[in-house]
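Text of target13.txt (compact mmCIF, C-alpha atoms) as supplied:
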```
# COMPACT_ATOMS: atom_id res chain seq x y z
CA MET A 1 36.32 -1.01 -24.81
CA ILE A 2 39.10 -1.22 -27.37
CA SER A 3 36.77 -0.29 -30.23
CA LYS A 4 36.26 3.16 -28.68
CA MET A 5 39.99 3.89 -28.59
CA SER A 6 41.75 5.99 -31.21
CA PHE A 7 43.94 4.31 -33.82
CA GLN A 8 47.01 5.75 -32.09
CA ASP A 9 46.03 4.39 -28.68
CA LYS A 10 45.14 1.00 -30.12
CA SER A 11 48.55 0.85 -31.81
CA VAL A 12 50.22 1.47 -28.44
CA LEU A 13 48.00 -1.01 -26.60
CA PHE A 14 48.65 -3.87 -29.00
CA ALA A 15 52.38 -3.14 -29.05
CA ARG A 16 52.38 -3.41 -25.26
CA LEU A 17 50.39 -6.65 -25.39
CA SER A 18 52.85 -8.02 -27.96
CA ALA A 19 55.66 -7.22 -25.51
CA ILE A 20 53.78 -8.84 -22.63
CA ALA A 21 53.47 -11.98 -24.76
CA TYR A 22 57.22 -12.52 -24.18
CA MET A 23 56.75 -12.61 -20.38
CA ASN A 24 56.18 -15.62 -18.15
CA GLU A 25 52.59 -16.25 -17.16
CA ALA A 26 52.80 -14.74 -13.66
CA ASP A 27 54.29 -11.46 -14.88
CA ALA A 28 51.94 -11.33 -17.86
CA LYS A 29 48.89 -11.60 -15.58
CA LYS A 30 50.12 -8.68 -13.48
CA GLN A 31 50.78 -6.48 -16.50
CA VAL A 32 47.53 -7.13 -18.38
CA LYS A 33 45.53 -6.53 -15.22
CA LYS A 34 46.88 -2.97 -15.27
CA LEU A 35 45.56 -2.67 -18.84
CA GLY A 36 42.06 -3.76 -17.88
CA PHE A 37 42.11 -7.48 -18.69
CA THR A 38 40.64 -9.82 -16.10
CA GLN A 39 41.64 -13.15 -17.67
CA CYS A 40 44.97 -14.38 -18.97
CA GLU A 41 45.58 -17.80 -20.49
CA PHE A 42 48.95 -19.04 -21.76
CA TYR A 43 49.08 -21.39 -24.75
CA ASP A 44 52.27 -23.43 -24.97
CA ARG A 45 52.92 -26.50 -27.07
CA GLU A 46 56.23 -27.70 -28.44
CA GLY A 47 57.70 -24.21 -28.07
CA SER A 48 54.85 -22.46 -29.92
CA GLN A 49 53.42 -19.85 -27.57
CA ALA A 50 50.66 -17.25 -27.36
CA TYR A 51 48.32 -15.63 -24.84
CA ARG A 52 44.62 -14.96 -24.57
CA PHE A 53 43.83 -11.72 -22.74
CA GLN A 54 40.16 -11.15 -22.03
CA ASN A 55 37.60 -8.99 -20.22
CA LYS A 56 33.84 -8.59 -20.59
CA ASN A 57 34.17 -6.54 -23.79
CA ASP A 58 37.26 -7.77 -25.62
CA LEU A 59 39.32 -10.88 -26.34
CA VAL A 60 42.89 -10.52 -27.60
CA ILE A 61 45.12 -13.27 -28.96
CA ALA A 62 48.74 -12.12 -28.61
CA CYS A 63 51.36 -14.35 -30.22
CA ARG A 64 54.89 -14.61 -28.90
CA GLY A 65 57.72 -13.79 -31.29
CA THR A 66 61.10 -15.37 -31.89
CA GLN A 67 63.21 -16.14 -28.85
CA PRO A 68 66.88 -16.85 -29.68
CA THR A 69 67.06 -19.49 -26.93
CA GLU A 70 64.07 -21.43 -28.28
CA PHE A 71 65.12 -23.95 -30.91
CA ASN A 72 61.54 -24.35 -32.13
CA ASP A 73 61.34 -20.61 -32.91
CA ILE A 74 64.61 -20.65 -34.82
CA LYS A 75 63.53 -23.75 -36.74
CA ALA A 76 60.23 -22.06 -37.66
CA ASP A 77 62.03 -18.98 -38.99
CA LEU A 78 64.32 -21.10 -41.15
CA GLN A 79 61.60 -23.26 -42.73
CA ALA A 80 60.94 -20.72 -45.45
CA LEU A 81 59.61 -22.99 -48.21
CA PRO A 82 55.96 -22.21 -49.05
CA VAL A 83 53.33 -24.88 -48.35
CA LEU A 84 49.58 -25.10 -48.90
CA SER A 85 47.73 -23.16 -46.22
CA GLU A 86 44.64 -24.29 -44.35
CA THR A 87 42.67 -21.67 -46.26
CA VAL A 88 43.91 -20.34 -49.63
CA SER A 89 47.17 -20.53 -51.60
CA ARG A 90 50.54 -20.95 -49.85
CA VAL A 91 52.19 -19.74 -46.66
CA HIS A 92 55.57 -20.01 -44.94
CA ARG A 93 56.03 -23.59 -43.72
CA GLY A 94 57.59 -22.64 -40.38
CA PHE A 95 55.01 -19.99 -39.49
CA LYS A 96 52.17 -22.36 -40.36
CA SER A 97 53.63 -25.14 -38.20
CA GLU A 98 53.79 -22.78 -35.20
CA VAL A 99 50.08 -21.99 -35.57
CA ASP A 100 49.22 -25.65 -36.17
CA GLU A 101 50.62 -26.52 -32.73
CA LEU A 102 48.37 -24.03 -30.93
CA TRP A 103 45.33 -23.96 -33.16
CA PRO A 104 43.23 -26.68 -31.42
CA MET A 105 43.50 -24.81 -28.09
CA ILE A 106 42.90 -21.38 -29.59
CA ARG A 107 39.98 -22.56 -31.71
CA GLU A 108 38.30 -24.02 -28.64
CA ASP A 109 38.44 -20.60 -26.97
CA LEU A 110 37.16 -18.82 -30.08
CA THR A 111 33.88 -20.63 -30.53
CA PRO A 112 30.84 -18.32 -30.64
CA LYS A 113 29.75 -19.63 -27.23
CA ALA A 114 33.14 -18.94 -25.63
CA VAL A 115 33.53 -15.51 -27.21
CA GLY A 116 29.99 -14.33 -26.55
CA LYS A 117 29.56 -10.64 -27.33
CA ARG A 118 33.25 -9.83 -27.02
CA LYS A 119 35.15 -8.34 -29.93
CA VAL A 120 38.14 -10.39 -31.07
CA TRP A 121 41.53 -8.80 -31.79
CA VAL A 122 44.83 -10.40 -32.78
CA THR A 123 48.37 -9.08 -32.43
CA GLY A 124 52.03 -10.09 -32.37
CA HIS A 125 55.63 -9.06 -32.96
CA SER A 126 58.20 -10.74 -35.25
CA LEU A 127 57.38 -14.47 -35.57
CA GLY A 128 54.33 -13.66 -33.43
CA ALA A 129 53.19 -11.20 -36.11
CA ALA A 130 53.29 -13.93 -38.75
CA MET A 131 51.37 -16.29 -36.45
CA ALA A 132 48.81 -13.57 -35.75
CA THR A 133 48.22 -13.08 -39.47
CA ILE A 134 47.66 -16.80 -40.07
CA ILE A 135 45.32 -17.07 -37.06
CA SER A 136 43.31 -14.12 -38.38
CA ALA A 137 43.06 -15.76 -41.80
CA ARG A 138 41.73 -18.97 -40.28
CA CYS A 139 39.13 -17.04 -38.29
CA VAL A 140 38.00 -14.93 -41.22
CA LEU A 141 37.70 -17.81 -43.66
CA ASP A 142 35.96 -20.22 -41.24
CA SER A 143 32.22 -19.56 -41.00
CA ASP A 144 32.12 -21.15 -37.53
CA MET A 145 34.65 -18.68 -36.12
CA PRO A 146 34.03 -15.14 -34.86
CA GLU A 147 34.99 -12.13 -36.94
CA VAL A 148 38.39 -10.60 -36.16
CA GLU A 149 37.81 -6.91 -35.47
CA GLU A 150 41.36 -5.82 -36.36
CA LEU A 151 44.88 -7.23 -36.60
CA TYR A 152 47.92 -5.26 -35.40
CA THR A 153 51.42 -6.52 -36.13
CA TYR A 154 54.92 -5.19 -35.42
CA GLY A 155 58.06 -6.11 -37.33
CA SER A 156 56.24 -8.75 -39.34
CA PRO A 157 57.99 -10.93 -41.89
CA ARG A 158 56.24 -11.74 -45.17
CA VAL A 159 53.78 -14.54 -44.49
CA GLY A 160 52.29 -15.90 -47.71
CA TRP A 161 51.88 -15.69 -51.45
CA ASP A 162 49.95 -12.91 -53.16
CA LYS A 163 46.71 -14.90 -53.47
CA TYR A 164 46.84 -15.78 -49.77
CA CYS A 165 47.26 -12.13 -48.80
CA LYS A 166 44.47 -10.99 -51.10
CA SER A 167 42.10 -13.60 -49.63
CA LEU A 168 42.35 -12.07 -46.14
CA PRO A 169 39.87 -9.17 -45.77
CA VAL A 170 40.60 -8.43 -42.09
CA ARG A 171 41.72 -4.87 -41.23
CA HIS A 172 45.43 -5.28 -40.64
CA TYR A 173 47.76 -2.47 -39.53
CA ARG A 174 51.31 -3.66 -40.13
CA TRP A 175 53.88 -1.52 -38.31
CA ARG A 176 57.45 -1.26 -39.54
CA ASN A 177 60.19 0.60 -37.70
CA ASN A 178 62.61 2.09 -40.26
CA ASN A 179 65.19 -0.59 -41.14
CA ASP A 180 63.69 -3.50 -39.19
CA ILE A 181 65.39 -6.41 -40.97
CA VAL A 182 62.68 -8.98 -40.18
CA THR A 183 60.23 -7.11 -42.41
CA THR A 184 62.44 -7.95 -45.42
CA VAL A 185 62.22 -11.76 -45.06
CA PRO A 186 61.50 -14.27 -46.44
CA PRO A 187 62.63 -12.97 -49.84
CA ALA A 188 60.02 -11.80 -52.32
CA ILE A 189 61.72 -13.94 -54.97
CA LEU A 190 60.06 -16.96 -53.32
CA GLY A 191 56.66 -15.41 -54.01
CA TYR A 192 56.04 -13.94 -50.57
CA LYS A 193 54.09 -10.72 -50.10
CA HIS A 194 53.16 -8.52 -47.15
CA HIS A 195 49.56 -8.24 -46.06
CA GLY A 196 47.75 -5.25 -44.60
CA THR A 197 48.15 -1.49 -44.43
CA ALA A 198 51.79 -0.50 -44.03
CA CYS A 199 52.41 1.92 -41.14
CA TYR A 200 55.93 3.30 -41.17
CA ILE A 201 58.10 4.81 -38.42
CA ASN A 202 60.97 6.84 -39.88
CA ALA A 203 64.59 7.22 -38.78
CA TYR A 204 63.60 10.03 -36.39
CA GLY A 205 60.96 7.87 -34.71
CA ARG A 206 58.06 9.71 -36.36
CA VAL A 207 55.12 8.09 -38.11
CA ARG A 208 55.28 9.10 -41.75
CA ASN A 209 53.90 7.94 -45.10
CA LEU A 210 57.02 7.74 -47.26
CA THR A 211 57.40 6.21 -50.69
CA GLY A 212 60.00 5.92 -53.42
CA TRP A 213 63.15 7.98 -53.04
CA GLN A 214 61.96 9.50 -49.74
CA LEU A 215 61.73 6.04 -48.23
CA THR A 216 65.16 5.05 -49.56
CA LYS A 217 66.76 8.20 -48.15
CA ASP A 218 65.15 7.61 -44.77
CA LYS A 219 66.44 4.03 -44.61
CA LEU A 220 69.96 5.21 -45.47
CA ARG A 221 69.67 7.91 -42.83
CA GLY A 222 68.70 5.28 -40.25
CA ILE A 223 71.68 3.09 -41.16
CA TRP A 224 74.09 6.03 -40.89
CA ASP A 225 72.64 7.23 -37.58
CA GLY A 226 72.90 3.70 -36.22
CA LEU A 227 76.54 3.37 -37.21
CA LYS A 228 77.33 6.67 -35.49
CA LYS A 229 75.84 5.22 -32.30
CA GLY A 230 77.71 1.93 -32.73
CA LYS A 231 74.53 -0.01 -33.53
CA ILE A 232 73.41 -2.14 -36.45
CA ASP A 233 70.19 -0.34 -37.27
CA SER A 234 68.54 -3.28 -39.02
CA PHE A 235 68.60 -5.31 -35.80
CA SER A 236 68.03 -2.62 -33.18
CA ASP A 237 64.97 -1.36 -35.08
CA HIS A 238 63.33 -4.75 -34.60
CA SER A 239 63.00 -4.45 -30.81
CA ILE A 240 59.37 -4.32 -29.67
CA MET A 241 60.44 -1.79 -27.05
CA GLU A 242 61.52 0.56 -29.84
CA TYR A 243 58.08 0.23 -31.40
CA ILE A 244 56.43 1.01 -28.07
CA LYS A 245 58.63 4.06 -27.47
CA HIS A 246 57.89 5.60 -30.86
CA LEU A 247 54.18 4.78 -30.81
CA GLU A 248 53.73 6.24 -27.35
CA ALA A 249 55.25 9.50 -28.63
CA TYR A 250 52.95 9.30 -31.67
CA ALA A 251 49.89 8.88 -29.48
CA GLN A 252 50.91 11.81 -27.27
CA GLU A 253 51.37 14.03 -30.31
CA GLN A 254 47.87 13.26 -31.50
```

Write the structure described by the file as structure tokens, please.
Amino acid sequence: MISKMSFQDKSVLFARLSAIAYMNEADAKKQVKKLGFTQCEFYDREGSQAYRFQNKNDLVIACRGTQPTEFNDIKADLQALPVLSETVSRVHRGFKSEVDELWPMIREDLTPKAVGKRKVWVTGHSLGAAMATIISARCVLDSDMPEVEELYTYGSPRVGWDKYCKSLPVRHYRWRNNNDIVTTVPPAILGYKHHGTACYINAYGRVRNLTGWQLTKDKLRGIWDGLKKGKIDSFSDHSIMEYIKHLEAYAQEQ
């Protein structure tokens, strides 16, 4: 049961599931079976994609992130103008449209009868993180939907306006790896805010709670270390595999 796992182990599990969400259905089924899931369903409509991983105790919705070869994903990322959400206030137009494509299928699988006694969890990386946040909001604010136990996201962009974020009471652990550039968009000047509890991985790959000048120094350190290795830190830090590597080390330390 996921609920009996430590926070560190859950962070690793959901990062792995977010990575598996990028796989084709056959490979995804093989991988989630190793993690204890007996059912795997792929949602795919107009390029919007997610998975449902399920066993007798838990049900996880894992949303697929941006794929550079998928025009629909790129289009969603670029549609940054805020629009009215299905719940409260305004959200990113592109992220909302991705969820709108899949929502009828996901909602059908999240009825009380379909869920039963299972606990519901939601996760995703990049664009998938934004989708996961919106899906969680729709579940939480719809009395006919099951409660979302927790939401774990990795490299999430800002999703909605301040009122939208404040309306979402779900426990959300939002992981950011040092200079991950996707976490800085869309710009705050458009009214966008982050939701959830920020969980930060520093330039050395360690989980730390940094603020103010400490945080600025760490970001500069990451940029400099990346340049020395011939990498653009802001992009390499976004890889879900980097998140998994650092979180596995974090879990082992604990």

8 Å contact set for segment 172-188 of chain A, all atoms listed in the file, chain neighbours under 3 positions out, as a ChimeraX atom specification:
/A:80,126,150-159,191-193,195-203,205,218-219,222-223,233-238,242-243

Keeping C-alpha atoms for every residue in the selection just given, could you write it to a file as a compact mmCIF listing (two decimals), in the frame of the given file?
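Final file, again.txt:
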```
# COMPACT_ATOMS: atom_id res chain seq x y z
CA ALA A 80 60.94 -20.72 -45.45
CA SER A 126 58.20 -10.74 -35.25
CA GLU A 150 41.36 -5.82 -36.36
CA LEU A 151 44.88 -7.23 -36.60
CA TYR A 152 47.92 -5.26 -35.40
CA THR A 153 51.42 -6.52 -36.13
CA TYR A 154 54.92 -5.19 -35.42
CA GLY A 155 58.06 -6.11 -37.33
CA SER A 156 56.24 -8.75 -39.34
CA PRO A 157 57.99 -10.93 -41.89
CA ARG A 158 56.24 -11.74 -45.17
CA VAL A 159 53.78 -14.54 -44.49
CA GLY A 191 56.66 -15.41 -54.01
CA TYR A 192 56.04 -13.94 -50.57
CA LYS A 193 54.09 -10.72 -50.10
CA HIS A 195 49.56 -8.24 -46.06
CA GLY A 196 47.75 -5.25 -44.60
CA THR A 197 48.15 -1.49 -44.43
CA ALA A 198 51.79 -0.50 -44.03
CA CYS A 199 52.41 1.92 -41.14
CA TYR A 200 55.93 3.30 -41.17
CA ILE A 201 58.10 4.81 -38.42
CA ASN A 202 60.97 6.84 -39.88
CA ALA A 203 64.59 7.22 -38.78
CA GLY A 205 60.96 7.87 -34.71
CA ASP A 218 65.15 7.61 -44.77
CA LYS A 219 66.44 4.03 -44.61
CA GLY A 222 68.70 5.28 -40.25
CA ILE A 223 71.68 3.09 -41.16
CA ASP A 233 70.19 -0.34 -37.27
CA SER A 234 68.54 -3.28 -39.02
CA PHE A 235 68.60 -5.31 -35.80
CA SER A 236 68.03 -2.62 -33.18
CA ASP A 237 64.97 -1.36 -35.08
CA HIS A 238 63.33 -4.75 -34.60
CA GLU A 242 61.52 0.56 -29.84
CA TYR A 243 58.08 0.23 -31.40
```

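Nearest residue to Ser11 of chain A among A:Gly36, A:Pro104, A:Gly94, A:Gly124 is A:Gly124, counting all atoms listed in the file.
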
Give me, as a ChimeraX atom specification, all polymer residues having an atom no more than 12 Å from Asn24 of chain A, counting only C-alpha atoms and skipping those fewer than 4 positions away in the same chain.
/A:19-20,28-31,40-44,49-51,64

Any chance you could export the current selection's C-alpha atoms as an mmCIF file, in the coordinates of the input?
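Written output follows (again36.cif):
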```cif
data_model
loop_
_atom_site.group_PDB
_atom_site.id
_atom_site.type_symbol
_atom_site.label_atom_id
_atom_site.label_comp_id
_atom_site.auth_asym_id
_atom_site.auth_seq_id
_atom_site.Cartn_x
_atom_site.Cartn_y
_atom_site.Cartn_z
ATOM 1 C CA ALA A 19 55.660 -7.220 -25.510
ATOM 2 C CA ILE A 20 53.780 -8.840 -22.630
ATOM 3 C CA ALA A 28 51.940 -11.330 -17.860
ATOM 4 C CA LYS A 29 48.890 -11.600 -15.580
ATOM 5 C CA LYS A 30 50.120 -8.680 -13.480
ATOM 6 C CA GLN A 31 50.780 -6.480 -16.500
ATOM 7 C CA CYS A 40 44.970 -14.380 -18.970
ATOM 8 C CA GLU A 41 45.580 -17.800 -20.490
ATOM 9 C CA PHE A 42 48.950 -19.040 -21.760
ATOM 10 C CA TYR A 43 49.080 -21.390 -24.750
ATOM 11 C CA ASP A 44 52.270 -23.430 -24.970
ATOM 12 C CA GLN A 49 53.420 -19.850 -27.570
ATOM 13 C CA ALA A 50 50.660 -17.250 -27.360
ATOM 14 C CA TYR A 51 48.320 -15.630 -24.840
ATOM 15 C CA ARG A 64 54.890 -14.610 -28.900
#
```

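The residue that comes closest to Ser239 of chain A, out of A:Thr66, A:Gln252, A:Ser48, A:Gln39 and on the basis of all atoms listed in the file, is A:Thr66.
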
Interatomic distance between atom CA of Asp142 of chain A and atom CA of Gly116 of chain A?
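Between atom CA of Asp142 of chain A and atom CA of Gly116 of chain A the gap works out to 16.9 Å.
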
Kindly indicate which residue among A:Leu168, A:Ala132, A:Leu127, A:Cys139 lies nearest to Val88 of chain A, using all atoms listed in the file for the distances.
A:Leu168

Measuring between only C-alpha atoms, which one of A:Pro82, A:Gly160, A:Gly65, A:Pro169 shows the shortest distance to His194 of chain A?
A:Gly160

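Separating atom CA of Ala251 of chain A from atom CA of Met5 of chain A is a distance of 11.1 Å.
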
Contacts of Ala137 of chain A at 8 Å or less, counting all atoms listed in the file, minus same-chain residues fewer than 4 places along, as a list in words?
Thr87, Thr133, Leu141, Leu168 and Val170 of chain A

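Across the structure, atom CA of Lys163 of chain A and atom CA of Ala129 of chain A are spaced 18.9 Å apart.
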
Of the residues A:Glu149, A:Glu253, A:Glu86, A:Glu98, which is the one nearest to Gly47 of chain A, using all atoms listed in the file?
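Looking only at the distances to Gly47 of chain A, the closest residue turns out to be A:Glu98.
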
Nearest to Pro146 of chain A, restricted to all atoms listed in the file and choosing among A:Lys96, A:Arg208, A:Lys113, A:Lys33, comes out as A:Lys113
